[in-house]
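Comments concern the structure below.
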Amino acid sequence: REYILEVRKEEKYSLITQRILQLADTIKEIPVEVTVLGEDDKKYSYLTETVYTCVRECITNTLKYAHATNMQVILKFCEDAVEVHVFDDGAGCEHIQYGNGLQGMYNRVKEKQGSLKINSQSGEGFQTVIKLPLNT
């Protein structure tokens, strides 16, 4: 039991890049390219779970609705924030519906005092930008 708790603790505080690369490797339906700008560090680790669940939701939505052939995730580690950009080349949509998944993303980002922007137009894919400030 103690070992399992320790493993879960390590997962929760692992580097963001590590978790996102592991997630991208599990997706077999479409290629998910991950680009890292800046240097990941343990100081960002308390945001790992938030970034992971948001990127996972973006991937899930892309697979369910977008009919995309490619996805790109950009992790940008700034001095005072982490930015996450997720793009797909799918069908896009004119009206974004905030169901449970997107509302959950919004709530998780808001809980960390961050911002979430989602943009899409028919035929132009889906773009998600998350900015999470670094607690200093």
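In the structure tokens, each chain is lettered A, B, ... as it comes, each chain's residues begin at 1, and ligands are numbered from 1 in order of appearance.
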Proximity check range 53-134 of chain A to range 31-47 of chain A, 10 Å, nearest pairs one decimal Å, only C-alpha atoms, as CSV:
```
residue,atom,partner,partner_atom,distance
A:Ile59,CA,A:Val32,CA,8.6
A:Ala68,CA,A:Pro31,CA,9.7
A:Thr69,CA,A:Pro31,CA,7.3
A:Asn70,CA,A:Pro31,CA,5.4
A:Met71,CA,A:Val32,CA,4.8
A:Gln72,CA,A:Glu33,CA,4.8
A:Val73,CA,A:Val34,CA,4.8
A:Ile74,CA,A:Thr35,CA,4.7
A:Leu75,CA,A:Val36,CA,4.9
A:Lys76,CA,A:Leu37,CA,4.6
A:Phe77,CA,A:Gly38,CA,4.9
A:Cys78,CA,A:Gly38,CA,6.6
A:Glu79,CA,A:Gly38,CA,9.1
A:Asp80,CA,A:Tyr44,CA,9.8
A:Ala81,CA,A:Tyr44,CA,8.5
A:Val82,CA,A:Tyr44,CA,7.6
A:Glu83,CA,A:Leu37,CA,9.5
A:Val84,CA,A:Val36,CA,9.7
A:His85,CA,A:Thr35,CA,9.7
A:Val86,CA,A:Val34,CA,9.3
A:Phe87,CA,A:Val32,CA,9.7
A:Asp88,CA,A:Val32,CA,9.1
A:Val109,CA,A:Leu47,CA,9.6
A:Lys112,CA,A:Leu47,CA,8.1
A:Leu132,CA,A:Leu47,CA,7.9
A:Pro133,CA,A:Leu47,CA,9.4
A:Leu134,CA,A:Tyr44,CA,7.1
```
Using only C-alpha atoms, please write the residues we just selected to a file, as a PDB file, in the first residue's frame.
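Output file out-v4.pdb follows:
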```pdb
ATOM      1  CA  ILE A  59      -6.868  14.667 -27.237  1.00  0.00           C
ATOM      2  CA  ALA A  68      -8.175  15.201 -37.412  1.00  0.00           C
ATOM      3  CA  THR A  69      -5.100  13.583 -38.918  1.00  0.00           C
ATOM      4  CA  ASN A  70      -2.527  15.395 -36.743  1.00  0.00           C
ATOM      5  CA  MET A  71      -2.227  17.087 -33.365  1.00  0.00           C
ATOM      6  CA  GLN A  72       0.434  19.327 -31.971  1.00  0.00           C
ATOM      7  CA  VAL A  73       1.090  20.104 -28.307  1.00  0.00           C
ATOM      8  CA  ILE A  74       3.478  22.911 -27.438  1.00  0.00           C
ATOM      9  CA  LEU A  75       4.676  23.225 -23.851  1.00  0.00           C
ATOM     10  CA  LYS A  76       6.258  26.590 -23.164  1.00  0.00           C
ATOM     11  CA  PHE A  77       8.065  27.053 -19.865  1.00  0.00           C
ATOM     12  CA  CYS A  78       8.354  30.742 -19.056  1.00  0.00           C
ATOM     13  CA  GLU A  79       9.896  32.493 -16.061  1.00  0.00           C
ATOM     14  CA  ASP A  80       6.507  33.152 -14.476  1.00  0.00           C
ATOM     15  CA  ALA A  81       4.109  30.737 -16.207  1.00  0.00           C
ATOM     16  CA  VAL A  82       3.547  27.570 -18.182  1.00  0.00           C
ATOM     17  CA  GLU A  83       1.754  27.857 -21.502  1.00  0.00           C
ATOM     18  CA  VAL A  84       0.144  24.913 -23.242  1.00  0.00           C
ATOM     19  CA  HIS A  85      -0.917  25.199 -26.883  1.00  0.00           C
ATOM     20  CA  VAL A  86      -2.859  22.352 -28.470  1.00  0.00           C
ATOM     21  CA  PHE A  87      -3.772  22.376 -32.159  1.00  0.00           C
ATOM     22  CA  ASP A  88      -5.437  19.864 -34.441  1.00  0.00           C
ATOM     23  CA  VAL A 109      -7.368  26.101 -15.050  1.00  0.00           C
ATOM     24  CA  LYS A 112      -4.798  27.558 -10.633  1.00  0.00           C
ATOM     25  CA  LEU A 132      -0.938  28.844 -15.836  1.00  0.00           C
ATOM     26  CA  PRO A 133       0.930  31.349 -13.682  1.00  0.00           C
ATOM     27  CA  LEU A 134       3.795  30.102 -11.582  1.00  0.00           C
TER      28      LEU A 134
END
```
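Residues of range 62-109 of chain A that DSSP places in helix (DSSP H, G or I), based on the backbone of this structure, are Thr62, Leu63, Lys64, Tyr65, Ala66, Asn100, Gly101, Leu102, Gln103, Gly104, Met105, Tyr106, Asn107, Arg108 and Val109 of chain A.
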Atom pair CA of Ala66 in chain A + CA of Gly92 in chain A, distance 6.3 Å
So that I can check the surroundings of range 50-57 of chain A, please list as a list in words every protein, DNA and RNA residue that reaches within 7 Å of it, counting only C-alpha atoms and ignoring chain neighbours fewer than 2 positions away.
Arg19, Ile20, Leu47, Thr48, Ile59, Thr60, Asn61, Gly101, Met105 and Arg108 of chain A
Between A:Thr17, A:Asn107, A:Gln22, A:Gln127, smallest distance to Asp89 in chain A by only C-alpha atoms belongs to A:Gln127
One number please: CA of Val129 in chain A to CA of Ser115 in chain A, in Å, one decimal.
8.0 Å
Using the chain letters and numbers from this document, which residues of chain A does DSSP assign to strand (DSSP E or B), as an mmCIF file with N, CA, C and O atoms, in the first residue's frame?
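Output contents, as saved in part_30.cif:
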```cif
data_model
loop_
_atom_site.group_PDB
_atom_site.id
_atom_site.type_symbol
_atom_site.label_atom_id
_atom_site.label_comp_id
_atom_site.auth_asym_id
_atom_site.auth_seq_id
_atom_site.Cartn_x
_atom_site.Cartn_y
_atom_site.Cartn_z
ATOM 1 N N VAL A 32 0.624 12.606 -32.391
ATOM 2 C CA VAL A 32 0.584 13.742 -31.483
ATOM 3 C C VAL A 32 2.025 14.207 -31.297
ATOM 4 O O VAL A 32 2.820 13.547 -30.644
ATOM 5 N N GLU A 33 2.346 15.336 -31.917
ATOM 6 C CA GLU A 33 3.702 15.881 -31.840
ATOM 7 C C GLU A 33 3.797 16.810 -30.633
ATOM 8 O O GLU A 33 2.945 17.681 -30.445
ATOM 9 N N VAL A 34 4.821 16.606 -29.817
ATOM 10 C CA VAL A 34 5.029 17.434 -28.636
ATOM 11 C C VAL A 34 6.303 18.250 -28.828
ATOM 12 O O VAL A 34 7.361 17.699 -29.122
ATOM 13 N N THR A 35 6.179 19.560 -28.671
ATOM 14 C CA THR A 35 7.309 20.475 -28.759
ATOM 15 C C THR A 35 7.473 21.151 -27.406
ATOM 16 O O THR A 35 6.486 21.605 -26.816
ATOM 17 N N VAL A 36 8.710 21.202 -26.926
ATOM 18 C CA VAL A 36 8.992 21.825 -25.635
ATOM 19 C C VAL A 36 9.852 23.059 -25.863
ATOM 20 O O VAL A 36 10.919 22.978 -26.470
ATOM 21 N N LEU A 37 9.357 24.189 -25.389
ATOM 22 C CA LEU A 37 10.089 25.450 -25.468
ATOM 23 C C LEU A 37 10.446 25.869 -24.042
ATOM 24 O O LEU A 37 9.582 25.918 -23.177
ATOM 25 N N MET A 71 -2.096 16.197 -34.524
ATOM 26 C CA MET A 71 -2.227 17.087 -33.365
ATOM 27 C C MET A 71 -0.857 17.590 -32.991
ATOM 28 O O MET A 71 0.131 16.878 -33.152
ATOM 29 N N GLN A 72 -0.814 18.785 -32.467
ATOM 30 C CA GLN A 72 0.434 19.327 -31.971
ATOM 31 C C GLN A 72 0.201 19.901 -30.579
ATOM 32 O O GLN A 72 -0.768 20.626 -30.350
ATOM 33 N N VAL A 73 1.108 19.571 -29.663
ATOM 34 C CA VAL A 73 1.090 20.104 -28.307
ATOM 35 C C VAL A 73 2.404 20.857 -28.115
ATOM 36 O O VAL A 73 3.478 20.298 -28.333
ATOM 37 N N ILE A 74 2.291 22.110 -27.721
ATOM 38 C CA ILE A 74 3.478 22.911 -27.438
ATOM 39 C C ILE A 74 3.449 23.265 -25.957
ATOM 40 O O ILE A 74 2.478 23.852 -25.465
ATOM 41 N N LEU A 75 4.508 22.873 -25.258
ATOM 42 C CA LEU A 75 4.676 23.225 -23.851
ATOM 43 C C LEU A 75 5.718 24.330 -23.794
ATOM 44 O O LEU A 75 6.842 24.154 -24.257
ATOM 45 N N LYS A 76 5.334 25.463 -23.235
ATOM 46 C CA LYS A 76 6.258 26.590 -23.164
ATOM 47 C C LYS A 76 6.469 26.947 -21.691
ATOM 48 O O LYS A 76 5.534 27.352 -20.998
ATOM 49 N N PHE A 77 7.714 26.771 -21.248
ATOM 50 C CA PHE A 77 8.065 27.053 -19.865
ATOM 51 C C PHE A 77 8.686 28.439 -19.779
ATOM 52 O O PHE A 77 9.775 28.682 -20.280
ATOM 53 N N ALA A 81 5.308 31.465 -15.790
ATOM 54 C CA ALA A 81 4.109 30.737 -16.207
ATOM 55 C C ALA A 81 4.470 29.524 -17.060
ATOM 56 O O ALA A 81 5.586 29.407 -17.548
ATOM 57 N N VAL A 82 3.483 28.671 -17.223
ATOM 58 C CA VAL A 82 3.547 27.570 -18.182
ATOM 59 C C VAL A 82 2.429 27.821 -19.183
ATOM 60 O O VAL A 82 1.294 28.101 -18.796
ATOM 61 N N GLU A 83 2.763 27.737 -20.457
ATOM 62 C CA GLU A 83 1.754 27.857 -21.502
ATOM 63 C C GLU A 83 1.637 26.519 -22.220
ATOM 64 O O GLU A 83 2.646 25.862 -22.483
ATOM 65 N N VAL A 84 0.412 26.151 -22.522
ATOM 66 C CA VAL A 84 0.144 24.913 -23.242
ATOM 67 C C VAL A 84 -0.708 25.271 -24.451
ATOM 68 O O VAL A 84 -1.777 25.864 -24.309
ATOM 69 N N HIS A 85 -0.202 24.940 -25.638
ATOM 70 C CA HIS A 85 -0.917 25.199 -26.883
ATOM 71 C C HIS A 85 -1.210 23.848 -27.522
ATOM 72 O O HIS A 85 -0.288 23.052 -27.721
ATOM 73 N N VAL A 86 -2.467 23.608 -27.837
ATOM 74 C CA VAL A 86 -2.859 22.352 -28.470
ATOM 75 C C VAL A 86 -3.617 22.691 -29.743
ATOM 76 O O VAL A 86 -4.575 23.465 -29.715
ATOM 77 N N PHE A 87 -3.161 22.125 -30.854
ATOM 78 C CA PHE A 87 -3.772 22.376 -32.159
ATOM 79 C C PHE A 87 -4.093 21.051 -32.827
ATOM 80 O O PHE A 87 -3.334 20.087 -32.697
ATOM 81 N N ASP A 88 -5.187 21.013 -33.559
ATOM 82 C CA ASP A 88 -5.437 19.864 -34.441
ATOM 83 C C ASP A 88 -5.836 20.384 -35.812
ATOM 84 O O ASP A 88 -6.168 21.550 -35.976
ATOM 85 N N SER A 115 -5.648 30.926 -17.368
ATOM 86 C CA SER A 115 -6.620 31.296 -18.396
ATOM 87 C C SER A 115 -6.694 30.186 -19.447
ATOM 88 O O SER A 115 -5.715 29.480 -19.695
ATOM 89 N N LEU A 116 -7.857 30.067 -20.043
ATOM 90 C CA LEU A 116 -8.127 29.065 -21.073
ATOM 91 C C LEU A 116 -8.806 29.768 -22.236
ATOM 92 O O LEU A 116 -9.815 30.457 -22.048
ATOM 93 N N LYS A 117 -8.224 29.614 -23.424
ATOM 94 C CA LYS A 117 -8.835 30.169 -24.634
ATOM 95 C C LYS A 117 -8.990 29.037 -25.634
ATOM 96 O O LYS A 117 -8.049 28.288 -25.890
ATOM 97 N N ILE A 118 -10.178 28.944 -26.181
ATOM 98 C CA ILE A 118 -10.468 27.921 -27.178
ATOM 99 C C ILE A 118 -10.976 28.634 -28.421
ATOM 100 O O ILE A 118 -11.842 29.499 -28.343
ATOM 101 N N ASN A 119 -10.422 28.251 -29.558
ATOM 102 C CA ASN A 119 -10.812 28.882 -30.807
ATOM 103 C C ASN A 119 -11.011 27.801 -31.869
ATOM 104 O O ASN A 119 -10.229 26.850 -31.955
ATOM 105 N N SER A 120 -12.029 27.969 -32.660
ATOM 106 C CA SER A 120 -12.277 27.046 -33.760
ATOM 107 C C SER A 120 -13.184 27.712 -34.779
ATOM 108 O O SER A 120 -14.021 28.545 -34.423
ATOM 109 N N PHE A 126 -9.038 23.020 -34.350
ATOM 110 C CA PHE A 126 -9.342 23.446 -32.993
ATOM 111 C C PHE A 126 -8.048 23.906 -32.353
ATOM 112 O O PHE A 126 -7.025 23.237 -32.472
ATOM 113 N N GLN A 127 -8.064 25.045 -31.675
ATOM 114 C CA GLN A 127 -6.888 25.566 -30.994
ATOM 115 C C GLN A 127 -7.244 25.846 -29.541
ATOM 116 O O GLN A 127 -8.244 26.510 -29.264
ATOM 117 N N THR A 128 -6.408 25.345 -28.646
ATOM 118 C CA THR A 128 -6.595 25.562 -27.218
ATOM 119 C C THR A 128 -5.313 26.162 -26.662
ATOM 120 O O THR A 128 -4.225 25.656 -26.937
ATOM 121 N N VAL A 129 -5.443 27.239 -25.895
ATOM 122 C CA VAL A 129 -4.293 27.867 -25.263
ATOM 123 C C VAL A 129 -4.585 27.991 -23.766
ATOM 124 O O VAL A 129 -5.593 28.583 -23.367
ATOM 125 N N ILE A 130 -3.688 27.427 -22.981
ATOM 126 C CA ILE A 130 -3.800 27.451 -21.522
ATOM 127 C C ILE A 130 -2.575 28.175 -20.983
ATOM 128 O O ILE A 130 -1.454 27.863 -21.365
ATOM 129 N N LYS A 131 -2.807 29.126 -20.098
ATOM 130 C CA LYS A 131 -1.704 29.821 -19.413
ATOM 131 C C LYS A 131 -1.917 29.643 -17.918
ATOM 132 O O LYS A 131 -2.968 29.991 -17.383
ATOM 133 N N LEU A 132 -0.886 29.073 -17.276
ATOM 134 C CA LEU A 132 -0.938 28.844 -15.836
ATOM 135 C C LEU A 132 0.207 29.601 -15.183
ATOM 136 O O LEU A 132 1.375 29.322 -15.454
ATOM 137 N N PRO A 133 -0.121 30.577 -14.335
ATOM 138 C CA PRO A 133 0.930 31.349 -13.682
ATOM 139 C C PRO A 133 1.694 30.492 -12.678
ATOM 140 O O PRO A 133 1.143 29.580 -12.068
#
```
